[in-house]
Amino acid sequence: MGKKMFKNDATEIRLEKPATITAKHLEQRAKNEPNNEPYPGGWSPLLVLAGITCCLGSALPAGYNIGVINNPADLMKRFCNETIEERFNVQLTEETLNIVWATVVSIFLVGGVTGSLSAGWLADKLGRRGALAIGNTCGIIGAIFFISAKAANSVEILMVGRLFVGLSGGLATSLVPMYMTETAPLKLRGAVGVLCQLGITCGVLLGQIVSLDSTLGTENSWPIMLVAFSPLCLTSLGLLFVLPESPKYLYVIRSQGGKAIKELSRLRNMDVSLLSNEVASLDQEAVTAEATEIWTIGRVVKDPSLRLPLLLVCTMQAGQQLSGVNAVFFYSNKIFQEAKLGETGAQYATLGTGVINVVMALIAVPVMSLFGRRTLFLLSCYLAVGCLTFLCFAIIFIEAAAVMPWLCMIAVLAYVLFYGLGLGPIPYFIGSELFDVGPRPAAMALGGVSNWGANFIVGMGFESVMTIIGPYSFLIFSGCTLLLALFNRVYLPETRGRDTMEISATMTKGFKSRPNYTPVAQWRP
């Protein structure tokens with residue numbers, strides 16, 4: 001009675017063994033039953049360790065390499081100019097030097113797109129842990145190139161280092177949400193999904209602090225500044241071998257049922273007999289996966305039943321960047337200077353916006369478990385639209401009154417706060433909730449490409465657009481965010497507390513789907 005035999009590895013697992021349940025099992029079951037939890041489990045020691053490892057070892061280095069490059073730009077441009085002049089006997093013009101520096105900065109985004117594209121394939125071939133280990137290795141290789149660049153007097157080595165840390169970042173933004181949401185119990189799926197955004201925002205802030213000229217952003221110390229993240233990658237690489245593999249990956253993709261359930265038991269810190277519902281859910285996903293062919297990126301794109309969830313993932317990821325968050329950070333320093341804070345004061349005020357971003361990411365961890373993703377995302381979008389519109393006109397009339405620069409500051413800080421409520425964290429993990437485990441890696445890879453691609457477009461185009469239309473450029477970001485909100489208001493289903501198979505079933509009819517429509521029961525006389 002209560003047996004399940006996994007034919008794939010001939011491992012017998014008893015899901016229910018009433019005669020042998022111990023007092024400890026009864027105590028654990030009693031804790032879960034009053035809350036009617038079909039999927040028990042909480043923040044077990046291994047889940048906490050997995051969250052810390054992924055957040056600090058993979059996501060934080062990605063954010064660090066975004067934030068570290070801005071403050072020391074002038075002295076690093078000088079290094080590029082002197083290196084090229086010394087090696088090739090060529091005197092660069094200001095315009096040519098800017099192109100060289102733009103290449104150093106933007107090749108990170110090329111690496112990010114490449115890493116995102118390859119994340120799905122690596123996640124299925126090597127497992128979630130193995131793919132994360134590849135990301136850490138790319139970060140370590142990038143650090144080796146960074147520390148060698150000045151000694152070798154080579155701009156090319158600096159560029160290769162940026163490419164490798166970009167690869168590491170692209171892999172992290174796709175794999176961290178995937179691994180964490182697959183290892184967490186249903187009630188914590190939103191909380192662990194936020195960890196990627198938390199790591200990135202912490203990394204950006206840490207990079208900004210480390211790159212100040214009062215810390216490591218100096219002529220002699222910038223190579224050390226660039227590699228300061230690498231101990232985190234090394235530590236994470238070691239800890240990944242201790243952490244369990246994703247049970248969903250083992251059960252559904254690799255057909256290793258016995259091993260999957262052992263890893264699930266380790267993660268939940270519970271006996272298998274208390275996890276029968278979660279095992280049954282895994283079995284249902286495995287049966288569905290066996291009836292379908294291997295999911296490739298091409299197949300995911302062509303499948304009409306996946307068109308809507310894929311579009312949701314890609315638009316949310318791209319919209320996160322097209323909401324103008326990086327442009328607001330870029331322009332905030334000038335706004336703070338206009339507020340008569342001075343150059344040093346403006347620098348620290350800009351760091352203050354980074355602190356708000358980190359605080360909001362921390363707050364988002366418990367908030368995601370309390371409120372619906374759809375509600376938070378739409379609220380965040382609407383509030384961001386209001387802040388961006390207000391900021392546009394406040395900048396236009398910044399000299400009209402003494403209070404206007406301070407109103408600009410308030411608009412910037414409010415925007416960062418509201419962005420962290422939903423626009424920042426939710427796009428990173430929404431793909432893991434909209435897709436079953438089979439097409440999930442390919443879908444999240446495409447979402448990551450959309451994010452990095454939009455980041456590249458904003459990075460390359462913002463200054464030019466700002467030169468042409470000035471502060472009105474913020475209305476473009478406001479319009480993009482409003483369109484994103486309107487689209488998601490119609491098509492984004494609420495995912496909190498719901499199984500992925502149930503969610504995906506509501507979106508199989510493409511644009512004819514109405515995942516949030518609940519038909520009213522017919523009245524019968």
# chains A, B, ... in the order shown; residues from 1 in each chain; ligands from 1
$ residues_around --residues "Val300 of chain A" --least-positions-apart "6" --cutoff "12 Å" --atoms "only C-alpha atoms" --output "PyMOL selection string"
chain A and resi 120+293-294+306-311+435-436+438-446
$ residues_around --residues "segment 411-426 of chain A" --least-positions-apart "4" --cutoff "6 Å" --atoms "only C-alpha atoms" --output "PyMOL selection string"
chain A and resi 194+197+320+360-361+376-377+380+384+387+391+430
$ write_last_selection --atoms "C-alpha atoms" --output "PDB file, in the first residue's frame"
ATOM      1  CA  VAL A 194      13.482  37.945  -5.769  1.00  0.00           C
ATOM      2  CA  GLN A 197      17.240  41.070  -8.203  1.00  0.00           C
ATOM      3  CA  GLN A 320      12.193  46.241 -17.094  1.00  0.00           C
ATOM      4  CA  MET A 360      13.360  47.550  -1.707  1.00  0.00           C
ATOM      5  CA  ALA A 361      14.839  44.263  -2.963  1.00  0.00           C
ATOM      6  CA  LEU A 376       2.502  44.194  -7.423  1.00  0.00           C
ATOM      7  CA  PHE A 377       3.729  44.389 -11.011  1.00  0.00           C
ATOM      8  CA  SER A 380       4.773  49.240  -9.707  1.00  0.00           C
ATOM      9  CA  ALA A 384       6.675  54.387 -12.165  1.00  0.00           C
ATOM     10  CA  CYS A 387       7.184  59.358 -11.399  1.00  0.00           C
ATOM     11  CA  LEU A 391      10.360  63.918 -13.493  1.00  0.00           C
ATOM     12  CA  ILE A 430       8.071  35.119 -13.833  1.00  0.00           C
TER      13      ILE A 430
END
$ residues_around --residues "segment 342-349 of chain A" --least-positions-apart "4" --cutoff "10 Å" --atoms "only C-alpha atoms" --output "MDAnalysis selection string"
chainID A and resid 71 208:209 212 332:338 353:355 409 413
$ residues_around --residues "Ala149 of chain A" --least-positions-apart "5" --cutoff "10 Å" --atoms "only C-alpha atoms" --output "PyMOL selection string"
chain A and resi 143-144+154-161+223
$ write_last_selection --atoms "N, CA, C and O atoms" --output "compact mmCIF listing (two decimals), in the first residue's frame"
# COMPACT_ATOMS: atom_id res chain seq x y z
N ALA A 143 38.09 37.67 -14.26
CA ALA A 143 38.93 38.34 -13.26
C ALA A 143 40.42 38.16 -13.58
O ALA A 143 41.22 39.08 -13.40
N ILE A 144 40.79 36.98 -14.08
CA ILE A 144 42.19 36.73 -14.46
C ILE A 144 42.60 37.67 -15.59
O ILE A 144 43.71 38.24 -15.59
N SER A 154 47.38 46.00 -22.25
CA SER A 154 46.53 45.55 -23.36
C SER A 154 45.07 45.90 -23.13
O SER A 154 44.46 45.44 -22.15
N VAL A 155 44.52 46.69 -24.06
CA VAL A 155 43.08 46.98 -24.04
C VAL A 155 42.29 45.75 -24.45
O VAL A 155 41.19 45.51 -23.95
N GLU A 156 42.88 44.94 -25.36
CA GLU A 156 42.19 43.74 -25.84
C GLU A 156 41.91 42.76 -24.70
O GLU A 156 40.82 42.17 -24.63
N ILE A 157 42.88 42.60 -23.79
CA ILE A 157 42.70 41.70 -22.65
C ILE A 157 41.59 42.23 -21.74
O ILE A 157 40.78 41.46 -21.20
N LEU A 158 41.54 43.56 -21.56
CA LEU A 158 40.48 44.17 -20.77
C LEU A 158 39.10 43.87 -21.38
O LEU A 158 38.16 43.53 -20.67
N MET A 159 39.02 43.95 -22.72
CA MET A 159 37.76 43.66 -23.42
C MET A 159 37.35 42.20 -23.26
O MET A 159 36.17 41.89 -23.03
N VAL A 160 38.32 41.29 -23.35
CA VAL A 160 38.01 39.86 -23.21
C VAL A 160 37.51 39.59 -21.79
O VAL A 160 36.58 38.80 -21.58
N GLY A 161 38.11 40.24 -20.81
CA GLY A 161 37.64 40.10 -19.43
C GLY A 161 36.20 40.56 -19.28
O GLY A 161 35.39 39.88 -18.63
N PRO A 223 42.83 47.82 -11.33
CA PRO A 223 42.78 46.38 -11.64
C PRO A 223 42.25 45.55 -10.46
O PRO A 223 41.50 44.59 -10.65
$ residues_around --residues "Thr235 of chain A" --least-positions-apart "4" --cutoff "10 Å" --atoms "only C-alpha atoms" --output "tab-separated table (two decimals) with N, CA, C and O atoms, in the first residue's frame"
chain	number	residue	atom	x	y	z
A	53	THR	N	24.13	31.33	-1.61
A	53	THR	CA	25.14	31.00	-2.62
A	53	THR	C	24.79	31.63	-3.97
A	53	THR	O	25.64	32.24	-4.63
A	56	LEU	N	24.71	35.77	-3.60
A	56	LEU	CA	26.02	36.42	-3.43
A	56	LEU	C	27.07	35.90	-4.40
A	56	LEU	O	27.99	36.64	-4.76
A	57	GLY	N	26.96	34.64	-4.82
A	57	GLY	CA	28.00	34.06	-5.67
A	57	GLY	C	27.76	34.19	-7.15
A	57	GLY	O	28.72	34.11	-7.94
A	136	ASN	N	30.09	30.76	-12.74
A	136	ASN	CA	31.13	31.16	-11.79
A	136	ASN	C	32.52	31.07	-12.41
A	136	ASN	O	33.38	31.93	-12.19
A	230	SER	N	35.73	38.41	-7.44
A	230	SER	CA	36.11	37.02	-7.76
A	230	SER	C	36.11	36.07	-6.56
A	230	SER	O	35.79	34.88	-6.74
A	231	PRO	N	36.46	36.51	-5.32
A	231	PRO	CA	36.36	35.55	-4.20
A	231	PRO	C	34.95	35.00	-4.01
A	231	PRO	O	34.78	33.84	-3.59
A	239	LEU	N	30.72	25.75	-3.01
A	239	LEU	CA	29.47	25.43	-2.33
A	239	LEU	C	28.46	24.72	-3.25
A	239	LEU	O	27.61	23.97	-2.78
A	240	LEU	N	28.54	24.96	-4.55
A	240	LEU	CA	27.60	24.33	-5.48
A	240	LEU	C	27.69	22.80	-5.43
A	240	LEU	O	26.71	22.11	-5.71
$ closest_atom_pairs --of "segment 284-388 of chain A" --to "segment 182-188 of chain A" --cutoff "12 Å" --atoms "only C-alpha atoms" --output "tab-separated table"
residue	atom	partner	partner_atom	distance
A:Val365	CA	A:Leu188	CA	9.1
A:Pro366	CA	A:Leu188	CA	8.9
A:Val367	CA	A:Leu188	CA	10.7
A:Met368	CA	A:Leu188	CA	8.3
A:Ser369	CA	A:Leu188	CA	6.3
A:Leu370	CA	A:Lys187	CA	9.4
A:Phe371	CA	A:Lys187	CA	11.4
A:Gly372	CA	A:Lys187	CA	11.7
$ closest_residue --among "A:Phe88, A:Arg162, A:Ala62, A:Asn269" --to "Gly42 of chain A" --atoms "only C-alpha atoms"
A:Asn269
$ residues_around --residues "Val165 of chain A" --least-positions-apart "5" --cutoff "7 Å" --atoms "only C-alpha atoms" --output "ChimeraX atom specification"
/A:108,138-139,142
$ residues_around --residues "Pro61 of chain A" --least-positions-apart "5" --cutoff "9 Å" --atoms "only C-alpha atoms" --output "list in words"
Leu56, Ile66, Gly139, Val165, Ser168, Gly169, Gly199, Ile200, Gly203, Val204, Phe229, Ser230, Leu232 and Cys233 of chain A
$ closest_residue --among "A:Ala400, A:Ile468, A:Cys381, A:Leu75" --to "Thr218 of chain A" --atoms "only C-alpha atoms"
A:Leu75
$ closest_residue --among "A:Ser246, A:Gln284, A:Thr103, A:Thr181" --to "Arg266 of chain A" --atoms "only C-alpha atoms"
A:Ser246
$ select_by_dssp --residues "segment 142-369 of chain A" --states "helix (DSSP H, G or I)" --output "MDAnalysis selection string"
chainID A and resid 142:152 155:183 186:193 195:210 222:227 230:239 247:253 257:268 272:274 276:290 297:302 304:322 325:338 342:369
$ closest_residue --among "A:Asp124, A:Glu94, A:Pro45, A:Glu219" --to "Pro244 of chain A" --atoms "only C-alpha atoms"
A:Pro45
$ atom_distance --atom1 "atom CA of Pro471 of chain A" --atom2 "atom CA of Ile395 of chain A"
6.4 Å
$ atom_distance --atom1 "atom CA of Asp283 of chain A" --atom2 "atom CA of Val176 of chain A"
23.9 Å
$ decode --residues "segment 281-293 of chain A" --atoms "all heavy atoms" --output "CSV table (one decimal), in the first residue's frame"
chain,number,residue,atom,x,y,z
A,281,SER,N,3.0,15.7,-7.8
A,281,SER,CA,3.0,16.8,-8.7
A,281,SER,C,4.2,16.6,-9.7
A,281,SER,O,4.1,16.9,-10.9
A,281,SER,CB,3.2,18.2,-8.0
A,281,SER,OG,3.3,19.2,-8.9
A,282,LEU,N,5.4,16.2,-9.1
A,282,LEU,CA,6.5,15.9,-10.0
A,282,LEU,C,6.2,14.8,-11.0
A,282,LEU,O,6.6,14.9,-12.2
A,282,LEU,CB,7.7,15.5,-9.1
A,282,LEU,CG,8.4,16.6,-8.3
A,282,LEU,CD1,9.5,16.0,-7.4
A,282,LEU,CD2,9.1,17.7,-9.2
A,283,ASP,N,5.5,13.8,-10.5
A,283,ASP,CA,5.2,12.7,-11.4
A,283,ASP,C,4.3,13.1,-12.5
A,283,ASP,O,4.4,12.6,-13.6
A,283,ASP,CB,4.5,11.6,-10.5
A,283,ASP,CG,4.5,10.2,-11.2
A,283,ASP,OD1,5.5,9.9,-11.8
A,283,ASP,OD2,3.4,9.6,-11.2
A,284,GLN,N,3.3,14.0,-12.2
A,284,GLN,CA,2.4,14.5,-13.2
A,284,GLN,C,3.2,15.3,-14.3
A,284,GLN,O,2.9,15.1,-15.5
A,284,GLN,CB,1.3,15.4,-12.6
A,284,GLN,CG,0.2,15.8,-13.5
A,284,GLN,CD,-0.8,16.7,-12.8
A,284,GLN,OE1,-0.7,17.0,-11.6
A,284,GLN,NE2,-1.8,17.1,-13.6
A,285,GLU,N,4.1,16.1,-13.9
A,285,GLU,CA,4.9,16.9,-14.8
A,285,GLU,C,5.8,15.9,-15.7
A,285,GLU,O,6.0,16.1,-16.9
A,285,GLU,CB,5.8,17.9,-14.1
A,285,GLU,CG,5.1,19.1,-13.6
A,285,GLU,CD,6.1,20.2,-13.2
A,285,GLU,OE1,6.9,20.6,-14.1
A,285,GLU,OE2,6.0,20.7,-12.1
A,286,ALA,N,6.3,14.8,-15.0
A,286,ALA,CA,7.1,13.9,-15.8
A,286,ALA,C,6.3,13.2,-16.8
A,286,ALA,O,6.8,12.9,-17.9
A,286,ALA,CB,7.7,12.9,-14.8
A,287,VAL,N,5.1,12.8,-16.5
A,287,VAL,CA,4.2,12.1,-17.5
A,287,VAL,C,3.9,13.0,-18.7
A,287,VAL,O,4.0,12.6,-19.8
A,287,VAL,CB,2.9,11.7,-16.8
A,287,VAL,CG1,1.9,11.2,-17.8
A,287,VAL,CG2,3.2,10.6,-15.8
A,288,THR,N,3.7,14.3,-18.4
A,288,THR,CA,3.4,15.3,-19.5
A,288,THR,C,4.7,15.5,-20.3
A,288,THR,O,4.6,15.5,-21.5
A,288,THR,CB,3.0,16.6,-18.9
A,288,THR,OG1,1.9,16.5,-18.0
A,288,THR,CG2,2.7,17.6,-19.9
A,289,ALA,N,5.8,15.5,-19.7
A,289,ALA,CA,7.1,15.7,-20.4
A,289,ALA,C,7.4,14.5,-21.3
A,289,ALA,O,8.0,14.7,-22.4
A,289,ALA,CB,8.2,16.0,-19.4
A,290,GLU,N,7.1,13.3,-20.8
A,290,GLU,CA,7.4,12.1,-21.6
A,290,GLU,C,6.6,12.1,-22.9
A,290,GLU,O,7.1,11.5,-23.9
A,290,GLU,CB,7.1,10.9,-20.8
A,290,GLU,CG,8.2,10.5,-19.7
A,290,GLU,CD,7.8,9.3,-18.9
A,290,GLU,OE1,6.8,8.7,-19.2
A,290,GLU,OE2,8.5,9.0,-17.9
A,291,ALA,N,5.5,12.7,-22.9
A,291,ALA,CA,4.6,12.7,-24.1
A,291,ALA,C,5.0,13.7,-25.1
A,291,ALA,O,4.4,13.8,-26.2
A,291,ALA,CB,3.2,12.9,-23.7
A,292,THR,N,6.0,14.5,-24.8
A,292,THR,CA,6.4,15.6,-25.8
A,292,THR,C,7.9,15.4,-26.1
A,292,THR,O,8.7,14.7,-25.5
A,292,THR,CB,6.3,16.9,-25.1
A,292,THR,OG1,7.0,17.0,-23.9
A,292,THR,CG2,4.8,17.2,-24.8
A,293,GLU,N,8.3,16.0,-27.3
A,293,GLU,CA,9.7,16.0,-27.7
A,293,GLU,C,10.5,17.0,-26.9
A,293,GLU,O,10.0,17.7,-26.1
A,293,GLU,CB,9.7,16.3,-29.2
A,293,GLU,CG,9.0,15.4,-30.1
A,293,GLU,CD,8.9,15.9,-31.5
A,293,GLU,OE1,9.6,16.9,-31.8
A,293,GLU,OE2,8.2,15.3,-32.3
